[in-house]
>>> print(open('structure-v6.cif').read())   # mmCIF, N, CA and C atoms
data_work
loop_
_atom_site.label_atom_id
_atom_site.label_comp_id
_atom_site.auth_asym_id
_atom_site.auth_seq_id
_atom_site.Cartn_x
_atom_site.Cartn_y
_atom_site.Cartn_z
N MET A 157 86.46 119.79 63.08
CA MET A 157 85.96 119.45 64.40
C MET A 157 87.18 119.08 65.24
N SER A 158 87.56 119.93 66.16
CA SER A 158 88.73 119.56 66.96
C SER A 158 88.44 119.76 68.43
N VAL A 159 89.12 118.98 69.20
CA VAL A 159 89.11 119.13 70.64
C VAL A 159 90.54 119.50 70.98
N GLU A 160 90.72 120.66 71.51
CA GLU A 160 92.05 121.22 71.75
C GLU A 160 93.00 120.18 72.34
N GLY A 161 94.10 119.94 71.62
CA GLY A 161 95.13 119.06 72.12
C GLY A 161 94.93 117.58 71.85
N TYR A 162 93.83 117.21 71.18
CA TYR A 162 93.55 115.80 70.90
C TYR A 162 93.42 115.55 69.40
N LYS A 163 93.88 114.38 68.97
CA LYS A 163 93.63 113.91 67.62
C LYS A 163 92.31 113.14 67.67
N LEU A 164 91.40 113.42 66.75
CA LEU A 164 90.10 112.76 66.73
C LEU A 164 90.06 111.73 65.62
N ILE A 165 89.56 110.54 65.97
CA ILE A 165 89.42 109.44 65.01
C ILE A 165 87.97 108.98 65.04
N PHE A 166 87.39 108.82 63.86
CA PHE A 166 85.99 108.40 63.74
C PHE A 166 85.91 107.11 62.94
N ILE A 167 85.17 106.13 63.49
CA ILE A 167 84.89 104.88 62.80
C ILE A 167 83.37 104.76 62.75
N GLY A 168 82.82 104.54 61.55
CA GLY A 168 81.37 104.46 61.53
C GLY A 168 80.77 104.03 60.22
N ASP A 169 79.43 104.08 60.21
CA ASP A 169 78.66 103.68 59.05
C ASP A 169 78.12 104.92 58.36
N SER A 170 76.93 104.83 57.78
CA SER A 170 76.40 105.90 56.95
C SER A 170 76.29 107.25 57.67
N ARG A 171 75.95 107.26 58.93
CA ARG A 171 75.86 108.52 59.66
C ARG A 171 77.23 109.21 59.73
N THR A 172 78.25 108.40 59.87
CA THR A 172 79.61 108.94 59.96
C THR A 172 80.06 109.46 58.60
N VAL A 173 79.69 108.78 57.53
CA VAL A 173 79.99 109.27 56.18
C VAL A 173 79.36 110.65 55.99
N GLY A 174 78.11 110.79 56.40
CA GLY A 174 77.43 112.07 56.31
C GLY A 174 78.09 113.14 57.15
N MET A 175 78.50 112.77 58.35
CA MET A 175 79.17 113.72 59.23
C MET A 175 80.49 114.17 58.62
N GLN A 176 81.24 113.23 58.07
CA GLN A 176 82.54 113.57 57.48
C GLN A 176 82.37 114.56 56.33
N SER A 177 81.33 114.37 55.53
CA SER A 177 81.13 115.28 54.41
C SER A 177 80.68 116.67 54.86
N SER A 178 80.18 116.78 56.08
CA SER A 178 79.75 118.06 56.62
C SER A 178 80.84 118.80 57.38
N VAL A 179 81.85 118.08 57.81
CA VAL A 179 82.92 118.65 58.62
C VAL A 179 84.13 118.86 57.72
N ASN A 180 84.67 120.04 57.78
CA ASN A 180 85.84 120.33 56.96
C ASN A 180 87.07 120.34 57.84
N SER A 181 87.65 119.17 58.05
CA SER A 181 88.83 119.10 58.90
C SER A 181 89.82 118.08 58.35
N SER A 182 90.99 118.55 58.03
CA SER A 182 92.02 117.63 57.55
C SER A 182 92.82 117.04 58.71
N ASP A 183 92.54 117.51 59.92
CA ASP A 183 93.26 117.02 61.09
C ASP A 183 92.70 115.72 61.65
N ASP A 184 91.44 115.42 61.34
CA ASP A 184 90.79 114.23 61.88
C ASP A 184 91.04 113.02 60.99
N VAL A 185 90.91 111.83 61.57
CA VAL A 185 91.08 110.58 60.84
C VAL A 185 89.71 109.91 60.76
N TRP A 186 89.34 109.47 59.56
CA TRP A 186 88.01 108.89 59.34
C TRP A 186 88.13 107.52 58.70
N SER A 187 87.31 106.59 59.14
CA SER A 187 87.15 105.29 58.51
C SER A 187 85.66 104.99 58.55
N ALA A 188 84.99 105.24 57.44
CA ALA A 188 83.53 105.13 57.43
C ALA A 188 83.05 104.66 56.06
N LYS A 189 81.96 103.88 56.10
CA LYS A 189 81.38 103.38 54.85
C LYS A 189 79.89 103.13 55.07
N VAL A 190 79.11 103.48 54.08
CA VAL A 190 77.66 103.34 54.14
C VAL A 190 77.27 101.86 54.23
N SER A 191 76.25 101.59 55.03
CA SER A 191 75.63 100.25 55.15
C SER A 191 76.58 99.17 55.63
N GLN A 192 77.40 99.49 56.60
CA GLN A 192 78.35 98.51 57.13
C GLN A 192 78.02 98.20 58.58
N GLY A 193 78.60 97.10 59.06
CA GLY A 193 78.35 96.66 60.42
C GLY A 193 79.62 96.13 61.07
N LEU A 194 79.43 95.25 62.03
CA LEU A 194 80.55 94.74 62.84
C LEU A 194 81.60 94.02 62.00
N SER A 195 81.18 93.24 61.04
CA SER A 195 82.14 92.52 60.21
C SER A 195 83.09 93.50 59.51
N TRP A 196 82.55 94.53 58.89
CA TRP A 196 83.37 95.56 58.23
C TRP A 196 84.24 96.29 59.24
N MET A 197 83.65 96.60 60.40
CA MET A 197 84.41 97.32 61.43
C MET A 197 85.66 96.54 61.81
N LYS A 198 85.51 95.22 62.00
CA LYS A 198 86.64 94.38 62.39
C LYS A 198 87.65 94.20 61.26
N SER A 199 87.16 93.99 60.04
CA SER A 199 88.06 93.66 58.93
C SER A 199 88.70 94.88 58.28
N THR A 200 88.01 96.02 58.32
CA THR A 200 88.48 97.19 57.57
C THR A 200 88.47 98.47 58.38
N GLY A 201 87.34 98.78 59.02
CA GLY A 201 87.19 100.06 59.72
C GLY A 201 88.26 100.30 60.77
N VAL A 202 88.42 99.37 61.68
CA VAL A 202 89.42 99.51 62.75
C VAL A 202 90.84 99.40 62.20
N PRO A 203 91.16 98.40 61.38
CA PRO A 203 92.52 98.33 60.86
C PRO A 203 92.96 99.60 60.11
N ASN A 204 92.01 100.30 59.47
CA ASN A 204 92.34 101.53 58.75
C ASN A 204 92.85 102.64 59.66
N ILE A 205 92.47 102.63 60.91
CA ILE A 205 92.81 103.76 61.79
C ILE A 205 93.86 103.42 62.86
N GLU A 206 94.14 102.15 63.07
CA GLU A 206 94.96 101.77 64.22
C GLU A 206 96.35 102.38 64.22
N SER A 207 96.94 102.58 63.07
CA SER A 207 98.28 103.17 63.04
C SER A 207 98.25 104.65 63.43
N SER A 208 97.07 105.26 63.44
CA SER A 208 96.94 106.68 63.81
C SER A 208 96.74 106.89 65.31
N ILE A 209 96.54 105.82 66.06
CA ILE A 209 96.27 105.95 67.49
C ILE A 209 97.57 106.13 68.25
N SER A 210 97.60 107.18 69.06
CA SER A 210 98.78 107.47 69.88
C SER A 210 98.31 108.29 71.09
N THR A 211 99.27 108.86 71.77
CA THR A 211 98.95 109.69 72.92
C THR A 211 98.01 110.83 72.50
N ASN A 212 97.07 111.15 73.37
CA ASN A 212 96.11 112.23 73.14
C ASN A 212 95.22 112.00 71.93
N THR A 213 94.80 110.77 71.75
CA THR A 213 93.85 110.42 70.69
C THR A 213 92.51 110.08 71.32
N ILE A 214 91.44 110.52 70.68
CA ILE A 214 90.09 110.13 71.08
C ILE A 214 89.47 109.40 69.89
N VAL A 215 88.98 108.19 70.13
CA VAL A 215 88.35 107.39 69.08
C VAL A 215 86.84 107.39 69.31
N PHE A 216 86.11 107.83 68.31
CA PHE A 216 84.65 107.81 68.34
C PHE A 216 84.18 106.66 67.45
N ILE A 217 83.34 105.79 68.00
CA ILE A 217 82.80 104.68 67.23
C ILE A 217 81.31 104.91 67.08
N LEU A 218 80.88 105.04 65.83
CA LEU A 218 79.49 105.35 65.51
C LEU A 218 78.94 104.24 64.62
N MET A 219 78.82 103.06 65.19
CA MET A 219 78.42 101.86 64.45
C MET A 219 77.26 101.19 65.17
N GLY A 220 76.59 100.28 64.44
CA GLY A 220 75.68 99.38 65.12
C GLY A 220 74.26 99.33 64.62
N ILE A 221 73.81 100.36 63.97
CA ILE A 221 72.41 100.38 63.57
C ILE A 221 72.13 99.48 62.38
N ASN A 222 73.05 99.42 61.43
CA ASN A 222 72.78 98.71 60.18
C ASN A 222 72.64 97.20 60.33
N ASP A 223 73.22 96.62 61.35
CA ASP A 223 73.11 95.16 61.46
C ASP A 223 72.61 94.69 62.83
N MET A 224 71.92 95.53 63.54
CA MET A 224 71.43 95.15 64.87
C MET A 224 70.41 94.02 64.84
N LEU A 225 69.75 93.79 63.74
CA LEU A 225 68.83 92.66 63.65
C LEU A 225 69.58 91.34 63.55
N TYR A 226 70.85 91.41 63.15
CA TYR A 226 71.63 90.20 62.88
C TYR A 226 72.79 89.98 63.85
N VAL A 227 73.25 91.04 64.46
CA VAL A 227 74.41 90.96 65.36
C VAL A 227 74.00 91.51 66.72
N PRO A 228 74.13 90.74 67.77
CA PRO A 228 73.73 91.25 69.10
C PRO A 228 74.65 92.39 69.56
N ALA A 229 74.07 93.31 70.30
CA ALA A 229 74.84 94.44 70.84
C ALA A 229 76.03 93.96 71.65
N SER A 230 75.91 92.83 72.31
CA SER A 230 77.01 92.32 73.12
C SER A 230 78.25 92.00 72.27
N SER A 231 78.05 91.68 71.00
CA SER A 231 79.20 91.44 70.11
C SER A 231 79.96 92.74 69.88
N TYR A 232 79.21 93.83 69.72
CA TYR A 232 79.84 95.14 69.56
C TYR A 232 80.58 95.53 70.84
N THR A 233 79.90 95.43 71.97
CA THR A 233 80.52 95.89 73.22
C THR A 233 81.76 95.07 73.57
N ALA A 234 81.73 93.78 73.33
CA ALA A 234 82.91 92.95 73.62
C ALA A 234 84.09 93.39 72.76
N TYR A 235 83.86 93.60 71.47
CA TYR A 235 84.94 94.02 70.57
C TYR A 235 85.45 95.42 70.92
N ILE A 236 84.53 96.33 71.16
CA ILE A 236 84.92 97.71 71.49
C ILE A 236 85.68 97.76 72.81
N ASN A 237 85.24 97.00 73.80
CA ASN A 237 85.97 96.97 75.08
C ASN A 237 87.38 96.43 74.91
N GLU A 238 87.51 95.39 74.10
CA GLU A 238 88.83 94.81 73.82
C GLU A 238 89.75 95.84 73.16
N LYS A 239 89.23 96.49 72.12
CA LYS A 239 90.04 97.46 71.38
C LYS A 239 90.34 98.70 72.22
N SER A 240 89.39 99.17 73.01
CA SER A 240 89.63 100.38 73.80
C SER A 240 90.74 100.16 74.82
N THR A 241 90.81 98.97 75.38
CA THR A 241 91.89 98.65 76.31
C THR A 241 93.24 98.67 75.58
N GLU A 242 93.27 98.09 74.41
CA GLU A 242 94.48 98.09 73.58
C GLU A 242 94.89 99.52 73.22
N TRP A 243 93.93 100.32 72.79
CA TRP A 243 94.22 101.70 72.37
C TRP A 243 94.66 102.55 73.55
N ALA A 244 94.07 102.32 74.72
CA ALA A 244 94.50 103.06 75.91
C ALA A 244 95.97 102.78 76.21
N GLY A 245 96.42 101.56 75.92
CA GLY A 245 97.82 101.21 76.09
C GLY A 245 98.73 101.98 75.17
N LYS A 246 98.18 102.48 74.06
CA LYS A 246 98.93 103.30 73.11
C LYS A 246 98.84 104.78 73.46
N GLY A 247 98.05 105.10 74.49
CA GLY A 247 97.92 106.50 74.91
C GLY A 247 96.60 107.16 74.58
N ALA A 248 95.68 106.43 73.96
CA ALA A 248 94.37 107.01 73.63
C ALA A 248 93.58 107.25 74.90
N TYR A 249 92.71 108.26 74.85
CA TYR A 249 91.83 108.58 75.96
C TYR A 249 90.78 107.49 76.09
N LYS A 250 90.55 106.99 77.28
CA LYS A 250 89.54 105.93 77.49
C LYS A 250 88.52 106.40 78.50
N SER A 251 87.28 106.40 78.06
CA SER A 251 86.16 106.75 78.93
C SER A 251 85.03 105.80 78.63
N CYS A 252 84.71 104.92 79.55
CA CYS A 252 83.62 103.96 79.32
C CYS A 252 82.62 104.07 80.46
#
>>> encode(input="structure-v6.cif", output="structure tokens")
Amino acid sequence: MSVEGYKLIFIGDSRTVGMQSSVNSSDDVWSAKVSQGLSWMKSTGVPNIESSISTNTIVFILMGINDMLYVPASSYTAYINEKSTEWAGKGAYKSC
């Protein structure tokens, strides 16, 4: 799965694991684990990919369903907004 001229990075839960197994691309960067939520994203998912972020990178975040009963959506949006600003400073594409 490529977008011409961009490095693609995916962070996610079970849906992302399934997507990764369906896509045959060694060019993309993946950090995904079944049944995970915001805590995993902060402690492991994001740290696993941050060294790969540079100019012409697009980061897809596919998280949130597994722990929405326990973690408010605003916790996700605050963290993602913080990280997207940081990543844009490294040259990643930012569209919010």
>>> residues_near_point(input="structure-v6.cif", point="(85.3, 109.5, 64.9)", cutoff="6 Å", atoms="only N, CA and C atoms", output="PDB file with N, CA and C atoms, keeping the file's coordinate frame")
ATOM      1  N   LEU A 164      91.400 113.420  66.750  1.00  0.00           N
ATOM      2  CA  LEU A 164      90.100 112.760  66.730  1.00  0.00           C
ATOM      3  C   LEU A 164      90.060 111.730  65.620  1.00  0.00           C
ATOM      4  N   ILE A 165      89.560 110.540  65.970  1.00  0.00           N
ATOM      5  CA  ILE A 165      89.420 109.440  65.010  1.00  0.00           C
ATOM      6  C   ILE A 165      87.970 108.980  65.040  1.00  0.00           C
ATOM      7  N   PHE A 166      87.390 108.820  63.860  1.00  0.00           N
ATOM      8  CA  PHE A 166      85.990 108.400  63.740  1.00  0.00           C
ATOM      9  C   PHE A 166      85.910 107.110  62.940  1.00  0.00           C
ATOM     10  N   ILE A 167      85.170 106.130  63.490  1.00  0.00           N
ATOM     11  CA  ILE A 167      84.890 104.880  62.800  1.00  0.00           C
ATOM     12  C   ILE A 167      83.370 104.760  62.750  1.00  0.00           C
ATOM     13  N   VAL A 215      88.980 108.190  70.130  1.00  0.00           N
ATOM     14  CA  VAL A 215      88.350 107.390  69.080  1.00  0.00           C
ATOM     15  C   VAL A 215      86.840 107.390  69.310  1.00  0.00           C
ATOM     16  N   PHE A 216      86.110 107.830  68.310  1.00  0.00           N
ATOM     17  CA  PHE A 216      84.650 107.810  68.340  1.00  0.00           C
ATOM     18  C   PHE A 216      84.180 106.660  67.450  1.00  0.00           C
ATOM     19  N   ILE A 217      83.340 105.790  68.000  1.00  0.00           N
ATOM     20  CA  ILE A 217      82.800 104.680  67.230  1.00  0.00           C
ATOM     21  C   ILE A 217      81.310 104.910  67.080  1.00  0.00           C
TER      22      ILE A 217
END
>>> residues_around(input="structure-v6.cif", residues="Asn212 in chain A", least_positions_apart="2", cutoff="7 Å", atoms="only C-alpha atoms", output="list of chain:residue names")
A:Gly161, A:Tyr162, A:Lys163, A:Ser210, A:Ile214, A:Gly247, A:Ala248, A:Tyr249
>>> select_by_dssp(input="structure-v6.cif", residues="range 180-252 of chain A", states="alpha helix (DSSP H)", output="ChimeraX atom specification")
/A:194-196,202-205,229-245
>>> residues_near_point(input="structure-v6.cif", point="(80.8, 103.0, 56.6)", cutoff="6.5 Å", atoms="all atoms listed in the file", output="PDB file with N, CA and C atoms, in the coordinates of the input")
ATOM      1  N   GLY A 168      82.820 104.540  61.550  1.00  0.00           N
ATOM      2  CA  GLY A 168      81.370 104.460  61.530  1.00  0.00           C
ATOM      3  C   GLY A 168      80.770 104.030  60.220  1.00  0.00           C
ATOM      4  N   ASP A 169      79.430 104.080  60.210  1.00  0.00           N
ATOM      5  CA  ASP A 169      78.660 103.680  59.050  1.00  0.00           C
ATOM      6  C   ASP A 169      78.120 104.920  58.360  1.00  0.00           C
ATOM      7  N   SER A 170      76.930 104.830  57.780  1.00  0.00           N
ATOM      8  CA  SER A 170      76.400 105.900  56.950  1.00  0.00           C
ATOM      9  C   SER A 170      76.290 107.250  57.670  1.00  0.00           C
ATOM     10  N   VAL A 173      79.690 108.780  57.530  1.00  0.00           N
ATOM     11  CA  VAL A 173      79.990 109.270  56.180  1.00  0.00           C
ATOM     12  C   VAL A 173      79.360 110.650  55.990  1.00  0.00           C
ATOM     13  N   SER A 187      87.310 106.590  59.140  1.00  0.00           N
ATOM     14  CA  SER A 187      87.150 105.290  58.510  1.00  0.00           C
ATOM     15  C   SER A 187      85.660 104.990  58.550  1.00  0.00           C
ATOM     16  N   ALA A 188      84.990 105.240  57.440  1.00  0.00           N
ATOM     17  CA  ALA A 188      83.530 105.130  57.430  1.00  0.00           C
ATOM     18  C   ALA A 188      83.050 104.660  56.060  1.00  0.00           C
ATOM     19  N   LYS A 189      81.960 103.880  56.100  1.00  0.00           N
ATOM     20  CA  LYS A 189      81.380 103.380  54.850  1.00  0.00           C
ATOM     21  C   LYS A 189      79.890 103.130  55.070  1.00  0.00           C
ATOM     22  N   VAL A 190      79.110 103.480  54.080  1.00  0.00           N
ATOM     23  CA  VAL A 190      77.660 103.340  54.140  1.00  0.00           C
ATOM     24  C   VAL A 190      77.270 101.860  54.230  1.00  0.00           C
ATOM     25  N   SER A 191      76.250 101.590  55.030  1.00  0.00           N
ATOM     26  CA  SER A 191      75.630 100.250  55.150  1.00  0.00           C
ATOM     27  C   SER A 191      76.580  99.170  55.630  1.00  0.00           C
ATOM     28  N   GLN A 192      77.400  99.490  56.600  1.00  0.00           N
ATOM     29  CA  GLN A 192      78.350  98.510  57.130  1.00  0.00           C
ATOM     30  C   GLN A 192      78.020  98.200  58.580  1.00  0.00           C
TER      31      GLN A 192
END
>>> atom_distance(input="structure-v6.cif", atom1="CA of Ile205 in chain A", atom2="atom C of Asp184 in chain A")
9.5 Å
>>> closest_residue(input="structure-v6.cif", among="A:Thr200, A:Met219, A:Gly193, A:Ile209", to="Thr172 in chain A", atoms="only N, CA and C atoms")
A:Met219
>>> atom_distance(input="structure-v6.cif", atom1="CA of Thr211 in chain A", atom2="atom N of Lys246 in chain A")
7.3 Å
>>> atom_distance(input="structure-v6.cif", atom1="atom N of Val179 in chain A", atom2="atom N of Gly220 in chain A")
19.7 Å
>>> residues_around(input="structure-v6.cif", residues="Tyr232 in chain A", least_positions_apart="4", cutoff="10 Å", atoms="only C-alpha atoms", output="list in words")
Gly193, Leu194, Ser195, Met197, Lys198, Met219, Gly220, Met224, Val227, Pro228, Ile236, Asn237 and Glu238 of chain A
>>> closest_residue(input="structure-v6.cif", among="A:Met175, A:Tyr226, A:Trp186, A:Lys250", to="Thr213 in chain A", atoms="only N, CA and C atoms")
A:Lys250
>>> select_by_dssp(input="structure-v6.cif", residues="chain A", states="strand (DSSP E or B)", output="count of residues only")
18
>>> build_atoms(input="structure-v6.cif", residues="range 183-194 of chain A", atoms="all heavy atoms", output="PDB file, in the frame of the given file")
ATOM      1  N   ASP A 183      92.540 117.510  59.920  1.00  0.00           N
ATOM      2  CA  ASP A 183      93.260 117.020  61.090  1.00  0.00           C
ATOM      3  C   ASP A 183      92.700 115.720  61.650  1.00  0.00           C
ATOM      4  O   ASP A 183      93.378 115.005  62.366  1.00  0.00           O
ATOM      5  CB  ASP A 183      93.242 118.070  62.214  1.00  0.00           C
ATOM      6  CG  ASP A 183      93.945 119.346  61.806  1.00  0.00           C
ATOM      7  OD1 ASP A 183      94.895 119.270  61.003  1.00  0.00           O
ATOM      8  OD2 ASP A 183      93.545 120.407  62.298  1.00  0.00           O
ATOM      9  N   ASP A 184      91.440 115.420  61.340  1.00  0.00           N
ATOM     10  CA  ASP A 184      90.790 114.230  61.880  1.00  0.00           C
ATOM     11  C   ASP A 184      91.040 113.020  60.990  1.00  0.00           C
ATOM     12  O   ASP A 184      91.347 113.148  59.808  1.00  0.00           O
ATOM     13  CB  ASP A 184      89.287 114.464  62.009  1.00  0.00           C
ATOM     14  CG  ASP A 184      88.959 115.661  62.893  1.00  0.00           C
ATOM     15  OD1 ASP A 184      89.728 115.934  63.833  1.00  0.00           O
ATOM     16  OD2 ASP A 184      87.941 116.313  62.635  1.00  0.00           O
ATOM     17  N   VAL A 185      90.910 111.830  61.570  1.00  0.00           N
ATOM     18  CA  VAL A 185      91.080 110.580  60.840  1.00  0.00           C
ATOM     19  C   VAL A 185      89.710 109.910  60.760  1.00  0.00           C
ATOM     20  O   VAL A 185      89.022 109.776  61.770  1.00  0.00           O
ATOM     21  CB  VAL A 185      92.101 109.661  61.559  1.00  0.00           C
ATOM     22  CG1 VAL A 185      92.233 108.327  60.834  1.00  0.00           C
ATOM     23  CG2 VAL A 185      93.453 110.354  61.684  1.00  0.00           C
ATOM     24  N   TRP A 186      89.340 109.470  59.560  1.00  0.00           N
ATOM     25  CA  TRP A 186      88.010 108.890  59.340  1.00  0.00           C
ATOM     26  C   TRP A 186      88.130 107.520  58.700  1.00  0.00           C
ATOM     27  O   TRP A 186      88.938 107.320  57.783  1.00  0.00           O
ATOM     28  CB  TRP A 186      87.201 109.782  58.389  1.00  0.00           C
ATOM     29  CG  TRP A 186      86.955 111.150  58.904  1.00  0.00           C
ATOM     30  CD1 TRP A 186      87.822 112.214  58.833  1.00  0.00           C
ATOM     31  CD2 TRP A 186      85.801 111.632  59.575  1.00  0.00           C
ATOM     32  NE1 TRP A 186      87.250 113.319  59.410  1.00  0.00           N
ATOM     33  CE2 TRP A 186      86.020 112.994  59.883  1.00  0.00           C
ATOM     34  CE3 TRP A 186      84.590 111.040  59.947  1.00  0.00           C
ATOM     35  CZ2 TRP A 186      85.077 113.766  60.540  1.00  0.00           C
ATOM     36  CZ3 TRP A 186      83.652 111.814  60.604  1.00  0.00           C
ATOM     37  CH2 TRP A 186      83.895 113.157  60.895  1.00  0.00           C
ATOM     38  N   SER A 187      87.310 106.590  59.140  1.00  0.00           N
ATOM     39  CA  SER A 187      87.150 105.290  58.510  1.00  0.00           C
ATOM     40  C   SER A 187      85.660 104.990  58.550  1.00  0.00           C
ATOM     41  O   SER A 187      85.134 104.570  59.586  1.00  0.00           O
ATOM     42  CB  SER A 187      87.956 104.219  59.256  1.00  0.00           C
ATOM     43  OG  SER A 187      87.862 102.977  58.605  1.00  0.00           O
ATOM     44  N   ALA A 188      84.990 105.240  57.440  1.00  0.00           N
ATOM     45  CA  ALA A 188      83.530 105.130  57.430  1.00  0.00           C
ATOM     46  C   ALA A 188      83.050 104.660  56.060  1.00  0.00           C
ATOM     47  O   ALA A 188      83.631 105.000  55.039  1.00  0.00           O
ATOM     48  CB  ALA A 188      82.901 106.477  57.758  1.00  0.00           C
ATOM     49  N   LYS A 189      81.960 103.880  56.100  1.00  0.00           N
ATOM     50  CA  LYS A 189      81.380 103.380  54.850  1.00  0.00           C
ATOM     51  C   LYS A 189      79.890 103.130  55.070  1.00  0.00           C
ATOM     52  O   LYS A 189      79.482 102.622  56.118  1.00  0.00           O
ATOM     53  CB  LYS A 189      82.074 102.088  54.428  1.00  0.00           C
ATOM     54  CG  LYS A 189      81.687 101.641  53.045  1.00  0.00           C
ATOM     55  CD  LYS A 189      82.566 100.504  52.572  1.00  0.00           C
ATOM     56  CE  LYS A 189      82.132 100.094  51.172  1.00  0.00           C
ATOM     57  NZ  LYS A 189      82.909  98.957  50.690  1.00  0.00           N
ATOM     58  N   VAL A 190      79.110 103.480  54.080  1.00  0.00           N
ATOM     59  CA  VAL A 190      77.660 103.340  54.140  1.00  0.00           C
ATOM     60  C   VAL A 190      77.270 101.860  54.230  1.00  0.00           C
ATOM     61  O   VAL A 190      77.897 101.000  53.596  1.00  0.00           O
ATOM     62  CB  VAL A 190      77.011 103.998  52.900  1.00  0.00           C
ATOM     63  CG1 VAL A 190      75.523 103.728  52.843  1.00  0.00           C
ATOM     64  CG2 VAL A 190      77.288 105.498  52.902  1.00  0.00           C
ATOM     65  N   SER A 191      76.250 101.590  55.030  1.00  0.00           N
ATOM     66  CA  SER A 191      75.630 100.250  55.150  1.00  0.00           C
ATOM     67  C   SER A 191      76.580  99.170  55.630  1.00  0.00           C
ATOM     68  O   SER A 191      76.566  98.047  55.115  1.00  0.00           O
ATOM     69  CB  SER A 191      74.980  99.829  53.827  1.00  0.00           C
ATOM     70  OG  SER A 191      73.949 100.715  53.494  1.00  0.00           O
ATOM     71  N   GLN A 192      77.400  99.490  56.600  1.00  0.00           N
ATOM     72  CA  GLN A 192      78.350  98.510  57.130  1.00  0.00           C
ATOM     73  C   GLN A 192      78.020  98.200  58.580  1.00  0.00           C
ATOM     74  O   GLN A 192      77.301  98.922  59.242  1.00  0.00           O
ATOM     75  CB  GLN A 192      79.769  99.024  56.995  1.00  0.00           C
ATOM     76  CG  GLN A 192      80.191  99.248  55.562  1.00  0.00           C
ATOM     77  CD  GLN A 192      80.059  98.009  54.717  1.00  0.00           C
ATOM     78  OE1 GLN A 192      80.571  96.949  55.075  1.00  0.00           O
ATOM     79  NE2 GLN A 192      79.374  98.110  53.587  1.00  0.00           N
ATOM     80  N   GLY A 193      78.600  97.100  59.060  1.00  0.00           N
ATOM     81  CA  GLY A 193      78.350  96.660  60.420  1.00  0.00           C
ATOM     82  C   GLY A 193      79.620  96.130  61.070  1.00  0.00           C
ATOM     83  O   GLY A 193      80.735  96.482  60.683  1.00  0.00           O
ATOM     84  N   LEU A 194      79.430  95.250  62.030  1.00  0.00           N
ATOM     85  CA  LEU A 194      80.550  94.740  62.840  1.00  0.00           C
ATOM     86  C   LEU A 194      81.600  94.020  62.000  1.00  0.00           C
ATOM     87  O   LEU A 194      82.798  94.201  62.225  1.00  0.00           O
ATOM     88  CB  LEU A 194      80.021  93.814  63.933  1.00  0.00           C
ATOM     89  CG  LEU A 194      81.066  93.278  64.908  1.00  0.00           C
ATOM     90  CD1 LEU A 194      81.764  94.414  65.662  1.00  0.00           C
ATOM     91  CD2 LEU A 194      80.421  92.309  65.899  1.00  0.00           C
TER      92      LEU A 194
END
